[in-house]
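The structure under discussion appears below in the form of structure tokens.
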Amino acid sequence: MFDPAPEHPYPDAHRPDEAPEPHPLLAPVLGLLGSWHGRGRGEYPTLEADFAYAQEVTFSHDGRPFLRYEARAWLLGADDAPLRPSARESGWWRLQPDGRVEALITQPTGIAEIAVGRAADGAVDLSTHEVARTPTAKEVEATRRRYELPDADTLTFVHDLAAVGQPLQHHLSARLHRRT
Ligand code: HEM
């Protein structure tokens with residue numbers, strides 16, 4: 001009999017040694033595969049104070065030459081107690097020959113970013129190619145992101161932002177540790 005809800009036959013892999021085999025174009029980003037967890041700090045000149053946050057980031061693939069990317073953050077108060085949910089985003093990082101990366105990233109704040117850059121030497125640099133905003137979204141003009149793997153179990157992240165009339169400058173820095 002026809003099964004109305006079959007298992008998806010092509011599950012995502014979260015490790016390089018897990019099936020399906022990674023596409024060869026993923027070679028420069030294999031170190032990112034998996035789930036990461038850690039904390040960071042943020043600031044912006046329009047904000048009264050800087051802030052502390054925690055974040056989870058996951059990268060996976062299905063055998064094709066792109067990564068699935070997902071990140072969610074929450075603000076931390078005194079004693080690291082969770083204050084409230086903060087930024088979330090998800091998207092696709094399309095790997096091209098020579099380590100070039102084209103990323104599509106959307107946020108529930110009404111922002112859709114297309115970023116381009118490259119993956120090389122244990123780091124990925126992405127800069128805005130285009131930003132699309134819903135009618136009520138904040139005025140985000142550009143971002144610059146750097147993801148770095150100082151060792152196999154540590155991922156650092158720096159995010160610069162040009163928004164609400166401010167020039168491109170530091171918004172976030174985080175240090176994450178491998179969960180899986
Ligand atoms: C870990 C990820 C992030 C965290 C924890 C974070 C946190 C914050 C916080 C706490 C604020 C102050 C307003 C509020 O309390 O909500 C803020 C403002 C803002 N963030 Fe972020 N953010 C993150 C990622 C991003 C990203 C990816 C973008 C854009 C692409 C962005 C753009 C902005 C903008 C435009 C503002 C408003 C500034 C203003 O109106 O003065 N943030 N962020």
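Residues are referred to by chain and number: the chain letter is A, B, ... according to the order shown in the structure tokens, the number counts from 1 in that chain, and ligands are numbered separately from 1 in the order shown.
Here the residues within stretch 9-72 of chain A that DSSP labels helix (DSSP H, G or I) on the basis of the backbone are Pro24, Leu25, Leu26, Ala27, Pro28, Val29, Leu30, Gly31 and Leu32 of chain A.
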Given only C-alpha atoms and all ligand atoms, how would the per-residue table for chain A near ligand 1 read, listing every residue at most 8 Å away with its closest atom pair and distance in Å to one decimal, sorted by chain and number, as a Markdown table?
| residue | atom | partner | partner_atom_place_in_ligand_line | distance |
| --- | --- | --- | --- | --- |
| A:Gly40 | CA | ligand 1 | 1 (C) | 7.6 |
| A:Arg41 | CA | ligand 1 | 5 (C) | 7.6 |
| A:Gly42 | CA | ligand 1 | 7 (C) | 6.4 |
| A:Glu43 | CA | ligand 1 | 9 (C) | 7.6 |
| A:Tyr44 | CA | ligand 1 | 38 (C) | 6.9 |
| A:Pro45 | CA | ligand 1 | 41 (O) | 7.5 |
| A:Thr46 | CA | ligand 1 | 41 (O) | 4.3 |
| A:Leu47 | CA | ligand 1 | 41 (O) | 5.6 |
| A:Asp50 | CA | ligand 1 | 10 (C) | 7.9 |
| A:Phe51 | CA | ligand 1 | 10 (C) | 6.2 |
| A:Ala52 | CA | ligand 1 | 5 (C) | 7.5 |
| A:Tyr53 | CA | ligand 1 | 5 (C) | 5.4 |
| A:Ala54 | CA | ligand 1 | 5 (C) | 7.3 |
| A:Gln55 | CA | ligand 1 | 1 (C) | 6.2 |
| A:Ala71 | CA | ligand 1 | 1 (C) | 7.7 |
| A:Arg72 | CA | ligand 1 | 1 (C) | 6.8 |
| A:Ala73 | CA | ligand 1 | 1 (C) | 5.0 |
| A:Trp74 | CA | ligand 1 | 5 (C) | 6.1 |
| A:Leu75 | CA | ligand 1 | 5 (C) | 6.2 |
| A:Ser86 | CA | ligand 1 | 5 (C) | 5.4 |
| A:Ala87 | CA | ligand 1 | 3 (C) | 4.6 |
| A:Arg88 | CA | ligand 1 | 2 (C) | 6.9 |
| A:Glu89 | CA | ligand 1 | 27 (C) | 7.3 |
| A:Gln107 | CA | ligand 1 | 27 (C) | 7.4 |
| A:Ile111 | CA | ligand 1 | 30 (C) | 6.8 |
| A:Glu113 | CA | ligand 1 | 30 (C) | 7.2 |
| A:Lys138 | CA | ligand 1 | 35 (C) | 5.4 |
| A:Glu139 | CA | ligand 1 | 35 (C) | 6.3 |
| A:Val140 | CA | ligand 1 | 35 (C) | 5.3 |
| A:Ala142 | CA | ligand 1 | 30 (C) | 7.3 |
| A:Thr143 | CA | ligand 1 | 30 (C) | 6.1 |
| A:His159 | CA | ligand 1 | 27 (C) | 7.4 |
| A:Leu161 | CA | ligand 1 | 29 (C) | 6.5 |
| A:Ala162 | CA | ligand 1 | 35 (C) | 7.8 |
| A:Ala163 | CA | ligand 1 | 35 (C) | 5.1 |
| A:Val164 | CA | ligand 1 | 40 (O) | 5.9 |
| A:His171 | CA | ligand 1 | 21 (Fe) | 6.9 |
| A:Leu172 | CA | ligand 1 | 1 (C) | 6.7 |
| A:Ala174 | CA | ligand 1 | 1 (C) | 8.0 |
Grab the residues selected above and save them as an mmCIF file, in the first residue's frame with C-alpha atoms.
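See selection_5.cif below for the written result:
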data_model
loop_
_atom_site.group_PDB
_atom_site.id
_atom_site.type_symbol
_atom_site.label_atom_id
_atom_site.label_comp_id
_atom_site.auth_asym_id
_atom_site.auth_seq_id
_atom_site.Cartn_x
_atom_site.Cartn_y
_atom_site.Cartn_z
ATOM 1 C CA GLY A 40 29.350 36.572 21.710
ATOM 2 C CA ARG A 41 29.088 40.285 22.269
ATOM 3 C CA GLY A 42 27.439 42.950 20.160
ATOM 4 C CA GLU A 43 27.290 46.703 19.843
ATOM 5 C CA TYR A 44 26.159 49.439 17.505
ATOM 6 C CA PRO A 45 26.392 53.225 17.820
ATOM 7 C CA THR A 46 22.595 53.573 17.811
ATOM 8 C CA LEU A 47 22.232 51.273 20.846
ATOM 9 C CA ASP A 50 26.546 46.703 24.217
ATOM 10 C CA PHE A 51 25.058 43.261 24.834
ATOM 11 C CA ALA A 52 25.988 39.620 25.440
ATOM 12 C CA TYR A 53 24.380 36.784 23.542
ATOM 13 C CA ALA A 54 24.485 33.032 23.002
ATOM 14 C CA GLN A 55 24.171 31.414 19.607
ATOM 15 C CA ALA A 71 21.638 30.300 13.159
ATOM 16 C CA ARG A 72 19.646 31.413 16.187
ATOM 17 C CA ALA A 73 20.706 33.694 19.002
ATOM 18 C CA TRP A 74 19.355 34.775 22.358
ATOM 19 C CA LEU A 75 20.367 37.638 24.608
ATOM 20 C CA SER A 86 17.224 37.520 19.363
ATOM 21 C CA ALA A 87 18.367 37.244 15.742
ATOM 22 C CA ARG A 88 17.580 34.174 13.608
ATOM 23 C CA GLU A 89 18.584 33.510 10.065
ATOM 24 C CA GLN A 107 16.000 36.921 8.544
ATOM 25 C CA ILE A 111 15.885 41.244 5.495
ATOM 26 C CA GLU A 113 20.819 39.201 2.023
ATOM 27 C CA LYS A 138 15.000 48.325 9.215
ATOM 28 C CA GLU A 139 17.243 50.046 6.734
ATOM 29 C CA VAL A 140 20.080 47.509 6.381
ATOM 30 C CA ALA A 142 25.338 46.044 3.868
ATOM 31 C CA THR A 143 27.074 43.462 6.016
ATOM 32 C CA HIS A 159 29.850 40.591 11.679
ATOM 33 C CA LEU A 161 26.891 46.112 9.654
ATOM 34 C CA ALA A 162 25.952 49.246 7.715
ATOM 35 C CA ALA A 163 22.397 50.122 8.746
ATOM 36 C CA VAL A 164 20.051 52.894 9.904
ATOM 37 C CA HIS A 171 27.999 44.691 15.246
ATOM 38 C CA LEU A 172 28.895 41.188 16.542
ATOM 39 C CA ALA A 174 31.315 35.353 18.752
#
Could I get the residues of stretch 91-163 of chain A with an atom no further than 9 Å from an atom of stretch 7-27 of chain A, each paired with its nearest atom pair and that distance in Å to one decimal, using only C-alpha atoms, sorted by chain and residue number, as a Markdown table?
| residue | atom | partner | partner_atom | distance |
| --- | --- | --- | --- | --- |
| A:Arg94 | CA | A:Leu26 | CA | 8.9 |
| A:Leu95 | CA | A:Leu25 | CA | 5.9 |
| A:Gln96 | CA | A:Leu25 | CA | 6.5 |
| A:Pro97 | CA | A:Leu25 | CA | 6.5 |
| A:Asp98 | CA | A:Leu25 | CA | 8.5 |
| A:Gly99 | CA | A:Leu25 | CA | 7.6 |
I need the chosen residues saved as an mmCIF file, in the first residue's frame, with N, CA and C atoms.
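What follows is the written file out.cif:
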data_model
loop_
_atom_site.group_PDB
_atom_site.id
_atom_site.type_symbol
_atom_site.label_atom_id
_atom_site.label_comp_id
_atom_site.auth_asym_id
_atom_site.auth_seq_id
_atom_site.Cartn_x
_atom_site.Cartn_y
_atom_site.Cartn_z
ATOM 1 N N ARG A 94 26.247 28.690 -1.604
ATOM 2 C CA ARG A 94 26.517 27.979 -2.856
ATOM 3 C C ARG A 94 28.012 28.055 -3.160
ATOM 4 N N LEU A 95 28.678 26.890 -3.162
ATOM 5 C CA LEU A 95 30.126 26.866 -3.424
ATOM 6 C C LEU A 95 30.386 26.828 -4.921
ATOM 7 N N GLN A 96 31.319 27.657 -5.345
ATOM 8 C CA GLN A 96 31.699 27.756 -6.749
ATOM 9 C C GLN A 96 33.157 27.316 -6.869
ATOM 10 N N PRO A 97 33.622 27.092 -8.098
ATOM 11 C CA PRO A 97 35.040 26.741 -8.259
ATOM 12 C C PRO A 97 35.937 27.819 -7.650
ATOM 13 N N ASP A 98 37.151 27.444 -7.291
ATOM 14 C CA ASP A 98 38.148 28.359 -6.703
ATOM 15 C C ASP A 98 37.726 28.897 -5.344
ATOM 16 N N GLY A 99 36.809 28.197 -4.641
ATOM 17 C CA GLY A 99 36.441 28.621 -3.294
ATOM 18 C C GLY A 99 35.525 29.823 -3.233
#
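As for atom CA of A:Leu33 and atom CA of A:Pro108, they are spaced 23.7 Å apart.
Comparing the minimum interatomic distances between A:Arg100 and each of A:Pro28, A:Leu176, A:Thr134, A:Ala78, counting only C-alpha atoms, we find that A:Pro28 sits nearest.
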Contacts of A:Arg144 at 12 Å (only C-alpha atoms; same-chain gap of 5+ positions) as a tab-separated table (two decimals) with N, CA and C atoms, in the first residue's frame:
chain	number	residue	atom	x	y	z
A	103	ALA	N	26.11	33.41	-1.09
A	103	ALA	CA	25.24	33.04	0.02
A	103	ALA	C	23.91	33.78	-0.07
A	113	GLU	N	19.48	38.79	2.47
A	113	GLU	CA	20.82	39.20	2.02
A	113	GLU	C	21.32	38.24	0.96
A	114	ILE	N	21.96	38.79	-0.05
A	114	ILE	CA	22.78	37.99	-0.95
A	114	ILE	C	24.20	38.47	-0.75
A	115	ALA	N	25.08	37.55	-0.37
A	115	ALA	CA	26.46	37.91	-0.08
A	115	ALA	C	27.37	37.08	-0.95
A	116	VAL	N	28.51	37.63	-1.29
A	116	VAL	CA	29.49	36.88	-2.07
A	116	VAL	C	30.85	36.99	-1.39
A	117	GLY	N	31.68	35.99	-1.64
A	117	GLY	CA	33.00	36.02	-1.02
A	117	GLY	C	33.74	34.76	-1.35
A	124	VAL	N	35.94	31.84	5.96
A	124	VAL	CA	35.01	32.27	4.91
A	124	VAL	C	34.73	33.75	5.11
A	125	ASP	N	34.92	34.53	4.05
A	125	ASP	CA	34.62	35.96	4.08
A	125	ASP	C	33.45	36.22	3.14
A	126	LEU	N	32.45	36.92	3.64
A	126	LEU	CA	31.28	37.23	2.81
A	126	LEU	C	30.96	38.71	2.93
A	127	SER	N	30.67	39.35	1.81
A	127	SER	CA	30.26	40.75	1.81
A	127	SER	C	28.98	40.88	1.00
A	128	THR	N	28.20	41.89	1.31
A	128	THR	CA	26.91	42.06	0.64
A	128	THR	C	27.06	42.27	-0.85
A	129	HIS	N	26.25	41.54	-1.58
A	129	HIS	CA	26.08	41.77	-3.00
A	129	HIS	C	24.80	42.58	-3.21
A	130	GLU	N	23.74	42.14	-2.52
A	130	GLU	CA	22.47	42.88	-2.53
A	130	GLU	C	21.72	42.61	-1.24
A	157	PHE	N	33.37	34.19	14.72
A	157	PHE	CA	32.47	34.89	13.80
A	157	PHE	C	32.53	36.38	14.08
A	158	VAL	N	32.76	37.18	13.06
A	158	VAL	CA	32.72	38.65	13.20
A	158	VAL	C	31.77	39.18	12.15
A	159	HIS	N	30.90	40.08	12.56
A	159	HIS	CA	29.85	40.59	11.68
A	159	HIS	C	29.86	42.11	11.74
A	160	ASP	N	30.12	42.74	10.60
A	160	ASP	CA	30.03	44.21	10.50
A	160	ASP	C	28.73	44.56	9.80
A	161	LEU	N	28.23	45.73	10.12
A	161	LEU	CA	26.89	46.11	9.65
A	161	LEU	C	26.87	47.58	9.24
A	162	ALA	N	26.29	47.87	8.09
A	162	ALA	CA	25.95	49.25	7.72
A	162	ALA	C	24.43	49.32	7.70
A	163	ALA	N	23.86	50.09	8.63
A	163	ALA	CA	22.40	50.12	8.75
A	163	ALA	C	21.97	51.42	9.43
A	167	PRO	N	27.72	53.97	8.94
A	167	PRO	CA	28.63	53.28	8.03
A	167	PRO	C	28.96	51.86	8.52
A	168	LEU	N	29.51	51.06	7.62
A	168	LEU	CA	29.86	49.67	7.94
A	168	LEU	C	30.80	49.62	9.15
A	169	GLN	N	30.38	48.93	10.17
A	169	GLN	CA	31.21	48.82	11.38
A	169	GLN	C	30.76	47.62	12.22
A	170	HIS	N	31.54	47.35	13.26
A	170	HIS	CA	31.34	46.15	14.07
A	170	HIS	C	29.95	46.08	14.70
A	171	HIS	N	29.26	44.94	14.53
A	171	HIS	CA	28.00	44.69	15.25
A	171	HIS	C	28.15	43.50	16.19
A	172	LEU	N	28.85	42.42	15.75
A	172	LEU	CA	28.89	41.19	16.54
A	172	LEU	C	30.24	40.49	16.44
A	173	SER	N	30.65	39.86	17.53
A	173	SER	CA	31.77	38.90	17.51
A	173	SER	C	31.40	37.74	18.41
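Each of A:Asp151, A:Glu48, A:Leu104, A:Thr109 was checked against A:Thr136 using only C-alpha atoms; the smallest atom-to-atom distance is that of A:Thr109.
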So which one's closest to A:Tyr147, A:Pro135, A:Gly77, A:Gly110, A:Gly122? Using only C-alpha atoms, please. A:Gly122
Give me, please, the distance in Å between atom CA of A:Ala137 and atom CA of A:Pro85, quoted to one decimal. 18.0 Å
Closest to A:Thr106 among A:Asp80, A:Ala119, A:Glu70, A:Asp153, using only C-alpha atoms? A:Glu70
Two-atom distance - atom CA of A:Thr154, atom CA of A:Ala112 (Å): 27.3 Å
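When only C-alpha atoms are used to compute distances to A:Tyr69, the closest of the residues A:Arg39, A:Arg84, A:Gly34, A:Thr180 turns out to be A:Gly34.
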